[in-house]
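File shown: data_30.pdb. Contents: PDB, C-alpha atoms, pLDDT in the B column.
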ATOM      1  CA  MET A   9      41.301  29.861  53.438  1.00 51.00           C
ATOM      2  CA  ALA A  10      41.806  31.277  49.940  1.00 62.00           C
ATOM      3  CA  VAL A  11      40.351  29.346  47.021  1.00 74.00           C
ATOM      4  CA  LYS A  12      42.884  28.686  44.268  1.00 83.00           C
ATOM      5  CA  TRP A  13      42.462  27.428  40.716  1.00 86.00           C
ATOM      6  CA  ARG A  14      45.077  25.097  39.270  1.00 85.00           C
ATOM      7  CA  ILE A  15      45.925  23.285  36.070  1.00 86.00           C
ATOM      8  CA  ASN A  16      46.014  19.512  36.367  1.00 85.00           C
ATOM      9  CA  ALA A  17      47.141  17.441  33.396  1.00 87.00           C
ATOM     10  CA  VAL A  18      47.164  13.686  34.005  1.00 84.00           C
ATOM     11  CA  THR A  19      47.985  10.737  31.776  1.00 80.00           C
ATOM     12  CA  GLY A  20      48.988   7.090  32.051  1.00 74.00           C
ATOM     13  CA  CYS A  21      46.223   6.207  34.552  1.00 74.00           C
ATOM     14  CA  TYR A  22      47.397   9.032  36.837  1.00 78.00           C
ATOM     15  CA  SER A  23      50.990   7.754  36.757  1.00 78.00           C
ATOM     16  CA  THR A  24      52.066  11.107  35.311  1.00 82.00           C
ATOM     17  CA  GLU A  25      50.517  14.410  36.324  1.00 84.00           C
ATOM     18  CA  ALA A  26      51.496  18.074  36.253  1.00 87.00           C
ATOM     19  CA  GLY A  27      49.844  20.922  38.132  1.00 84.00           C
ATOM     20  CA  SER A  28      52.074  23.717  36.798  1.00 86.00           C
ATOM     21  CA  ALA A  29      55.301  24.249  34.910  1.00 87.00           C
ATOM     22  CA  LEU A  30      57.374  23.160  37.931  1.00 86.00           C
ATOM     23  CA  TRP A  31      55.183  21.316  40.455  1.00 86.00           C
ATOM     24  CA  THR A  32      52.934  18.312  40.514  1.00 84.00           C
ATOM     25  CA  PHE A  33      49.311  18.875  41.481  1.00 80.00           C
ATOM     26  CA  TYR A  34      50.118  18.055  45.115  1.00 79.00           C
ATOM     27  CA  GLY A  35      53.063  20.450  45.433  1.00 80.00           C
ATOM     28  CA  SER A  36      56.146  18.269  44.963  1.00 84.00           C
ATOM     29  CA  ASP A  37      58.867  19.060  42.444  1.00 88.00           C
ATOM     30  CA  LEU A  38      58.052  17.911  38.920  1.00 86.00           C
ATOM     31  CA  PRO A  39      60.687  15.546  37.427  1.00 86.00           C
ATOM     32  CA  CYS A  40      62.302  16.945  34.296  1.00 85.00           C
ATOM     33  CA  ALA A  41      61.006  13.974  32.283  1.00 82.00           C
ATOM     34  CA  ASN A  42      57.428  14.974  33.167  1.00 84.00           C
ATOM     35  CA  LEU A  43      57.608  18.676  32.276  1.00 86.00           C
ATOM     36  CA  GLY A  44      54.711  19.580  30.005  1.00 88.00           C
ATOM     37  CA  VAL A  45      53.110  22.916  30.988  1.00 91.00           C
ATOM     38  CA  ILE A  46      54.705  25.744  28.985  1.00 91.00           C
ATOM     39  CA  PRO A  47      53.845  29.363  30.078  1.00 91.00           C
ATOM     40  CA  VAL A  48      53.483  31.758  27.134  1.00 89.00           C
ATOM     41  CA  ASN A  49      52.384  35.117  28.556  1.00 87.00           C
ATOM     42  CA  ASN A  50      54.852  37.662  29.949  1.00 85.00           C
ATOM     43  CA  ARG A  51      51.983  39.602  31.562  1.00 85.00           C
ATOM     44  CA  PHE A  52      50.831  36.717  33.709  1.00 86.00           C
ATOM     45  CA  LEU A  53      52.803  34.727  36.293  1.00 85.00           C
ATOM     46  CA  LEU A  54      51.449  31.184  36.565  1.00 85.00           C
ATOM     47  CA  PRO A  55      52.005  30.280  40.248  1.00 85.00           C
ATOM     48  CA  ALA A  56      53.083  26.724  40.950  1.00 83.00           C
ATOM     49  CA  ASP A  57      50.557  26.367  43.789  1.00 83.00           C
ATOM     50  CA  GLY A  58      47.555  27.765  41.898  1.00 85.00           C
ATOM     51  CA  ILE A  59      45.917  31.045  40.898  1.00 88.00           C
ATOM     52  CA  ALA A  60      44.364  33.208  43.634  1.00 87.00           C
ATOM     53  CA  PHE A  61      41.680  35.879  43.133  1.00 86.00           C
ATOM     54  CA  GLN A  62      40.901  39.244  44.704  1.00 85.00           C
ATOM     55  CA  THR A  63      37.128  38.997  44.265  1.00 82.00           C
ATOM     56  CA  GLU A  64      34.351  36.448  43.986  1.00 79.00           C
ATOM     57  CA  GLY A  65      32.809  35.723  40.617  1.00 81.00           C
ATOM     58  CA  MET A  66      33.039  33.582  37.488  1.00 83.00           C
ATOM     59  CA  LEU A  67      36.345  32.580  35.868  1.00 87.00           C
ATOM     60  CA  GLY A  68      36.310  32.477  32.083  1.00 87.00           C
ATOM     61  CA  GLN A  69      38.502  29.603  30.880  1.00 87.00           C
ATOM     62  CA  ALA A  70      38.985  27.485  27.781  1.00 85.00           C
ATOM     63  CA  TRP A  71      41.389  24.886  26.418  1.00 87.00           C
ATOM     64  CA  VAL A  72      41.791  25.496  22.691  1.00 85.00           C
ATOM     65  CA  ARG A  73      44.073  24.225  19.936  1.00 85.00           C
ATOM     66  CA  THR A  74      46.588  26.904  18.910  1.00 86.00           C
ATOM     67  CA  PRO A  75      49.770  27.223  16.790  1.00 86.00           C
ATOM     68  CA  PHE A  76      51.913  27.629  19.928  1.00 88.00           C
ATOM     69  CA  GLY A  77      54.719  25.080  20.163  1.00 85.00           C
ATOM     70  CA  ARG A  78      54.957  24.226  16.481  1.00 83.00           C
ATOM     71  CA  ILE A  79      58.458  23.061  15.537  1.00 82.00           C
ATOM     72  CA  SER A  80      58.181  23.713  11.778  1.00 82.00           C
ATOM     73  CA  GLU A  81      55.895  25.249   9.168  1.00 78.00           C
ATOM     74  CA  ASN A  82      54.564  21.784   8.342  1.00 82.00           C
ATOM     75  CA  ASP A  83      53.917  20.790  11.949  1.00 80.00           C
ATOM     76  CA  HIS A  84      50.130  20.480  11.671  1.00 76.00           C
ATOM     77  CA  GLY A  85      49.667  16.940  12.981  1.00 79.00           C
ATOM     78  CA  ARG A  86      50.339  17.722  16.639  1.00 83.00           C
ATOM     79  CA  SER A  87      47.869  19.496  18.923  1.00 85.00           C
ATOM     80  CA  THR A  88      49.057  22.025  21.504  1.00 88.00           C
ATOM     81  CA  TRP A  89      46.144  22.623  23.851  1.00 89.00           C
ATOM     82  CA  THR A  90      46.352  26.152  25.235  1.00 91.00           C
ATOM     83  CA  LEU A  91      44.705  27.605  28.331  1.00 91.00           C
ATOM     84  CA  LEU A  92      42.898  30.930  27.819  1.00 89.00           C
ATOM     85  CA  LEU A  93      41.627  32.890  30.835  1.00 90.00           C
ATOM     86  CA  ASP A  94      39.112  35.742  30.942  1.00 88.00           C
ATOM     87  CA  THR A  95      38.937  37.920  34.089  1.00 88.00           C
ATOM     88  CA  LEU A  96      38.282  41.569  34.890  1.00 86.00           C
ATOM     89  CA  ASN A  97      41.936  42.537  34.554  1.00 86.00           C
ATOM     90  CA  PHE A  98      43.410  39.829  32.333  1.00 86.00           C
ATOM     91  CA  LYS A  99      42.306  38.226  29.069  1.00 84.00           C
ATOM     92  CA  GLY A 100      44.460  35.955  26.942  1.00 84.00           C
ATOM     93  CA  PRO A 101      46.526  32.760  26.613  1.00 87.00           C
ATOM     94  CA  VAL A 102      48.406  31.593  29.708  1.00 91.00           C
ATOM     95  CA  ALA A 103      50.144  28.297  28.905  1.00 93.00           C
ATOM     96  CA  TYR A 104      49.997  25.294  26.605  1.00 93.00           C
ATOM     97  CA  LEU A 105      50.610  21.575  27.072  1.00 92.00           C
ATOM     98  CA  LEU A 106      53.426  19.924  25.117  1.00 90.00           C
ATOM     99  CA  PRO A 107      52.055  17.259  22.750  1.00 89.00           C
ATOM    100  CA  ASP A 108      54.956  15.020  23.821  1.00 86.00           C
ATOM    101  CA  TYR A 109      53.680  15.108  27.415  1.00 87.00           C
ATOM    102  CA  TRP A 110      50.748  12.861  26.540  1.00 86.00           C
ATOM    103  CA  ALA A 111      52.952  10.375  24.646  1.00 80.00           C
ATOM    104  CA  ASP A 112      55.616  10.182  27.372  1.00 73.00           C
ATOM    105  CA  GLY A 113      53.020   9.450  30.044  1.00 70.00           C
ATOM    106  CA  LYS A 114      51.625   6.318  28.420  1.00 78.00           C
ATOM    107  CA  TRP A 115      51.747   2.889  30.030  1.00 78.00           C
ATOM    108  CA  THR A 116      52.522  -0.482  28.461  1.00 83.00           C
ATOM    109  CA  ASP A 117      49.924  -3.249  28.483  1.00 87.00           C
ATOM    110  CA  LEU A 118      50.628  -6.999  28.744  1.00 91.00           C
ATOM    111  CA  ASP A 119      51.046  -7.224  24.967  1.00 93.00           C
ATOM    112  CA  GLY A 120      53.729  -4.535  24.951  1.00 89.00           C
ATOM    113  CA  ASN A 121      51.524  -1.868  23.366  1.00 88.00           C
ATOM    114  CA  ALA A 122      51.559   1.740  24.548  1.00 83.00           C
ATOM    115  CA  GLN A 123      48.205   2.804  25.996  1.00 81.00           C
ATOM    116  CA  PRO A 124      46.088   4.708  25.299  1.00 78.00           C
ATOM    117  CA  ALA A 125      46.571   4.358  21.545  1.00 79.00           C
ATOM    118  CA  GLU A 126      45.216   7.865  20.912  1.00 80.00           C
ATOM    119  CA  ASP A 127      46.241  10.864  22.987  1.00 82.00           C
ATOM    120  CA  PHE A 128      45.504  14.583  23.238  1.00 84.00           C
ATOM    121  CA  GLY A 129      48.730  15.445  21.419  1.00 84.00           C
ATOM    122  CA  LYS A 130      47.554  13.821  18.183  1.00 79.00           C
ATOM    123  CA  MET A 131      43.815  14.379  18.097  1.00 76.00           C
ATOM    124  CA  LYS A 132      41.228  17.121  18.014  1.00 70.00           C
ATOM    125  CA  MET A 133      38.360  17.531  20.462  1.00 70.00           C
ATOM    126  CA  SER A 134      34.633  18.054  20.257  1.00 68.00           C
ATOM    127  CA  THR A 135      32.828  20.085  22.875  1.00 68.00           C
ATOM    128  CA  GLY A 136      30.004  18.712  24.989  1.00 68.00           C
ATOM    129  CA  GLY A 137      28.440  19.100  28.405  1.00 69.00           C
ATOM    130  CA  GLY A 138      30.358  20.099  31.505  1.00 72.00           C
ATOM    131  CA  ALA A 139      31.531  17.640  34.149  1.00 75.00           C
ATOM    132  CA  PHE A 140      32.801  17.873  37.720  1.00 77.00           C
ATOM    133  CA  GLU A 141      34.903  15.516  39.803  1.00 77.00           C
ATOM    134  CA  TRP A 142      34.439  15.404  43.593  1.00 77.00           C
ATOM    135  CA  HIS A 143      37.634  14.396  45.361  1.00 75.00           C
ATOM    136  CA  THR A 144      37.750  12.427  48.639  1.00 78.00           C
ATOM    137  CA  ILE A 145      34.232  12.850  50.029  1.00 81.00           C
ATOM    138  CA  PRO A 146      33.860  11.513  53.600  1.00 83.00           C
ATOM    139  CA  VAL A 147      31.074   8.973  54.058  1.00 85.00           C
ATOM    140  CA  LEU A 148      29.119   7.366  56.886  1.00 87.00           C
ATOM    141  CA  GLY A 149      29.026   3.592  56.595  1.00 88.00           C
ATOM    142  CA  VAL A 150      27.794   0.455  58.279  1.00 90.00           C
ATOM    143  CA  GLN A 151      28.302  -3.222  57.464  1.00 90.00           C
ATOM    144  CA  GLU A 152      25.694  -5.859  58.314  1.00 91.00           C
ATOM    145  CA  GLN A 153      26.488  -9.356  59.535  1.00 90.00           C
ATOM    146  CA  ASN A 154      25.716 -10.803  56.106  1.00 92.00           C
ATOM    147  CA  GLY A 155      28.389  -8.598  54.569  1.00 89.00           C
ATOM    148  CA  ASP A 156      26.115  -5.969  53.008  1.00 92.00           C
ATOM    149  CA  ARG A 157      27.510  -2.466  53.312  1.00 90.00           C
ATOM    150  CA  HIS A 158      25.526   0.761  53.339  1.00 91.00           C
ATOM    151  CA  ILE A 159      27.097   4.158  52.901  1.00 89.00           C
ATOM    152  CA  ARG A 160      25.712   7.659  52.972  1.00 89.00           C
ATOM    153  CA  ILE A 161      27.421  10.888  52.024  1.00 86.00           C
ATOM    154  CA  PRO A 162      26.793  14.076  54.016  1.00 83.00           C
ATOM    155  CA  ARG A 163      24.337  16.560  52.559  1.00 83.00           C
ATOM    156  CA  MET A 164      26.228  18.827  50.191  1.00 80.00           C
ATOM    157  CA  HIS A 165      25.769  22.596  50.203  1.00 81.00           C
ATOM    158  CA  MET A 166      26.802  24.950  47.415  1.00 80.00           C
ATOM    159  CA  ALA A 167      27.267  28.681  47.858  1.00 79.00           C
ATOM    160  CA  LYS A 168      24.661  30.824  46.085  1.00 80.00           C
ATOM    161  CA  ASN A 169      26.146  33.341  43.688  1.00 78.00           C
ATOM    162  CA  ARG A 170      23.142  34.514  41.646  1.00 79.00           C
ATOM    163  CA  GLY A 171      20.255  35.387  43.905  1.00 82.00           C
ATOM    164  CA  ASP A 172      18.807  32.105  45.159  1.00 85.00           C
ATOM    165  CA  GLN A 173      20.727  30.037  42.597  1.00 84.00           C
ATOM    166  CA  THR A 174      24.108  28.335  42.424  1.00 83.00           C
ATOM    167  CA  VAL A 175      25.802  28.893  39.063  1.00 83.00           C
ATOM    168  CA  LEU A 176      28.757  26.580  38.377  1.00 82.00           C
ATOM    169  CA  MET A 177      29.075  27.131  34.620  1.00 81.00           C
ATOM    170  CA  THR A 178      27.677  29.721  32.226  1.00 80.00           C
ATOM    171  CA  GLY A 179      28.414  31.402  28.897  1.00 77.00           C
ATOM    172  CA  PHE A 180      29.391  28.139  27.156  1.00 77.00           C
ATOM    173  CA  LYS A 181      30.921  28.615  23.701  1.00 75.00           C
ATOM    174  CA  SER A 182      32.713  26.433  21.158  1.00 73.00           C
ATOM    175  CA  TRP A 183      34.802  27.296  18.103  1.00 71.00           C
ATOM    176  CA  GLU A 184      34.879  25.754  14.651  1.00 71.00           C
ATOM    177  CA  GLY A 185      37.519  26.248  12.003  1.00 72.00           C
ATOM    178  CA  THR A 186      40.535  28.520  12.449  1.00 77.00           C
ATOM    179  CA  ALA A 187      39.205  32.067  11.939  1.00 75.00           C
ATOM    180  CA  ASP A 188      38.377  32.855  15.578  1.00 72.00           C
ATOM    181  CA  LEU A 189      41.530  31.711  17.359  1.00 76.00           C
ATOM    182  CA  TRP A 190      44.152  29.946  15.243  1.00 78.00           C
ATOM    183  CA  ASP A 191      44.447  32.551  12.473  1.00 79.00           C
ATOM    184  CA  PRO A 192      44.779  35.604  14.788  1.00 77.00           C
ATOM    185  CA  LEU A 193      47.472  33.871  16.832  1.00 77.00           C
ATOM    186  CA  GLU A 194      49.302  32.716  13.708  1.00 79.00           C
ATOM    187  CA  ALA A 195      49.309  36.297  12.411  1.00 78.00           C
ATOM    188  CA  LEU A 196      50.720  37.616  15.677  1.00 76.00           C
ATOM    189  CA  LEU A 197      53.416  34.936  15.811  1.00 76.00           C
ATOM    190  CA  GLN A 198      54.467  36.012  12.296  1.00 77.00           C
ATOM    191  CA  GLY A 199      54.808  39.624  13.478  1.00 74.00           C
ATOM    192  CA  LYS A 200      51.783  41.029  11.670  1.00 73.00           C
ATOM    193  CA  GLN A 201      49.827  43.997  13.042  1.00 65.00           C
ATOM    194  CA  ALA A 202      47.111  43.029  15.511  1.00 61.00           C
ATOM    195  CA  THR A 203      43.454  43.640  14.717  1.00 63.00           C
ATOM    196  CA  LEU A 204      40.847  44.329  17.410  1.00 55.00           C
ATOM    197  CA  ALA A 205      39.986  40.629  17.607  1.00 54.00           C
ATOM    198  CA  GLU A 206      43.634  39.751  18.041  1.00 57.00           C
ATOM    199  CA  GLN A 207      44.055  42.404  20.735  1.00 60.00           C
ATOM    200  CA  GLN A 208      41.136  40.871  22.583  1.00 54.00           C
ATOM    201  CA  LEU A 209      42.662  37.419  22.328  1.00 56.00           C
ATOM    202  CA  MET A 210      46.058  38.602  23.564  1.00 54.00           C
ATOM    203  CA  GLY A 211      44.754  40.573  26.516  1.00 50.00           C
ATOM    204  CA  SER A 212      43.907  44.148  25.500  1.00 44.00           C
ATOM    205  CA  ASN A 213      40.444  44.968  26.839  1.00 42.00           C
ATOM    206  CA  ALA A 214      40.117  48.373  25.188  1.00 37.00           C
ATOM    207  CA  GLY A 215      36.757  48.586  23.453  1.00 35.00           C
ATOM    208  CA  VAL A 216      36.052  44.891  23.951  1.00 37.00           C
ATOM    209  CA  LYS A 217      33.020  43.582  25.822  1.00 39.00           C
ATOM    210  CA  GLY A 218      33.387  40.218  27.576  1.00 41.00           C
ATOM    211  CA  GLU A 219      31.221  37.188  26.862  1.00 46.00           C
ATOM    212  CA  CYS A 220      30.257  36.534  30.494  1.00 47.00           C
ATOM    213  CA  SER A 221      26.580  36.944  31.359  1.00 47.00           C
ATOM    214  CA  GLU A 222      25.578  40.397  32.567  1.00 47.00           C
ATOM    215  CA  ARG A 223      24.272  38.762  35.745  1.00 49.00           C
ATOM    216  CA  ASP A 224      27.608  37.123  36.593  1.00 57.00           C
ATOM    217  CA  GLU A 225      30.599  39.090  37.875  1.00 66.00           C
ATOM    218  CA  LYS A 226      34.014  38.138  36.550  1.00 70.00           C
ATOM    219  CA  LEU A 227      36.875  37.385  38.928  1.00 69.00           C
ATOM    220  CA  ARG A 228      39.756  39.802  39.446  1.00 70.00           C
ATOM    221  CA  LEU A 229      43.332  38.571  39.660  1.00 70.00           C
ATOM    222  CA  PRO A 230      45.794  40.032  42.221  1.00 67.00           C
TER     223      PRO A 230
END
Structure re-expressed in structure tokens:
Amino acid sequence: MAVKWRINAVTGCYSTEAGSALWTFYGSDLPCANLGVIPVNNRFLLPADGIAFQTEGMLGQAWVRTPFGRISENDHGRSTWTLLLDTLNFKGPVAYLLPDYWADGKWTDLDGNAQPAEDFGKMKMSTGGGAFEWHTIPVLGVQEQNGDRHIRIPRMHMAKNRGDQTVLMTGFKSWEGTADLWDPLEALLQGKQATLAEQQLMGSNAGVKGECSERDEKLRLP
């Protein structure tokens, strides 16, 4: 079975979720009112059922705030979070999330207020440690006569990909200000000539060395 990597944007206590531009995370058609993933790269097809890989290795990915999706020169209050991927044969932005997606997916509390009050379309982010979510783990359980319940999960095994170690995340990096990402993209969107840094951001690998650790192989896309 091939391993695939997918976007999953959820809001409104999981009442609204999108796994691609056209499908939900579980493969059903996405209602027009819930569209929120906007592809931006004509060199990369974002499959509705996830991204497959030709090799094993590490996938470079980041969600960063970019000028994509701005509706006017003064549209600085909204945040369009953009997915950047870094592989052996592709490097650059793939898609962004509409700021309106987070507002449309809110739910109304008993007082009639939209929740959550803040959303990703209006705020900035700060980087921190990584996190993982384990979905639907089978358990062994027993219930005593007094009602106490005991559960135990099976022993988990992770594939080793660096000698005798299992590496899930490496090469962590964060950006501050606009010089590294926002300004190069803004220049390109205005039709200005691309510098080497901008070529790297938009997918040209000529003369550019990746940030992934020398000990970790990058993935290759089909």
For the file shown, report as a PyMOL selection string the outcome of the PyMOL selection byres ((chain A and resi 78-84) around 12) at residue level. chain A and resi 73-77+85-89+104-108+129-132+190+194+197-198
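With all atoms listed in the file as the basis for measurement, A:Val11 is the residue among A:Trp183, A:Ile159, A:Val11, A:Glu25 that approaches Thr63 (chain A) most closely.
The space separating CA of Gln151 (chain A) from CA of His165 (chain A) comes to 26.9 Å.
If you measure from each of A:Pro39, A:Lys226, A:Phe52, A:Glu64 to Ala167 (chain A) using only C-alpha atoms, the closest one turns out to be A:Glu64.
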So which residues get picked by the PyMOL selection byres ((chain A and resi 43) around 8) here, written as a PyMOL selection string? chain A and resi 26+29-30+38-42+44-45+109
Mind checking which residues fall within 12 Å of Cys21 (chain A), counting all atoms listed in the file, ignoring those fewer than 5 positions away in the same chain, and posting them as a PyMOL selection string? chain A and resi 110+113-117+123-124
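Reported to one decimal place, the separation of CA of Leu93 (chain A) from CA of Ala70 (chain A) is 6.7 Å.
Of note, CA of Asn16 (chain A) and CA of Leu92 (chain A) are spaced 14.6 Å apart.
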Can you tell me which residues surround region 59-62 of chain A at a distance of at most 6 Å, considering all atoms listed in the file, apart from same-chain residues fewer than 6 positions away, and format the answer as a compact mmCIF listing (two decimals) with C-alpha atoms, in the coordinates of the input?
# COMPACT_ATOMS: atom_id res chain seq x y z
CA LYS A 12 42.88 28.69 44.27
CA TRP A 13 42.46 27.43 40.72
CA ARG A 228 39.76 39.80 39.45
CA LEU A 229 43.33 38.57 39.66
CA PRO A 230 45.79 40.03 42.22
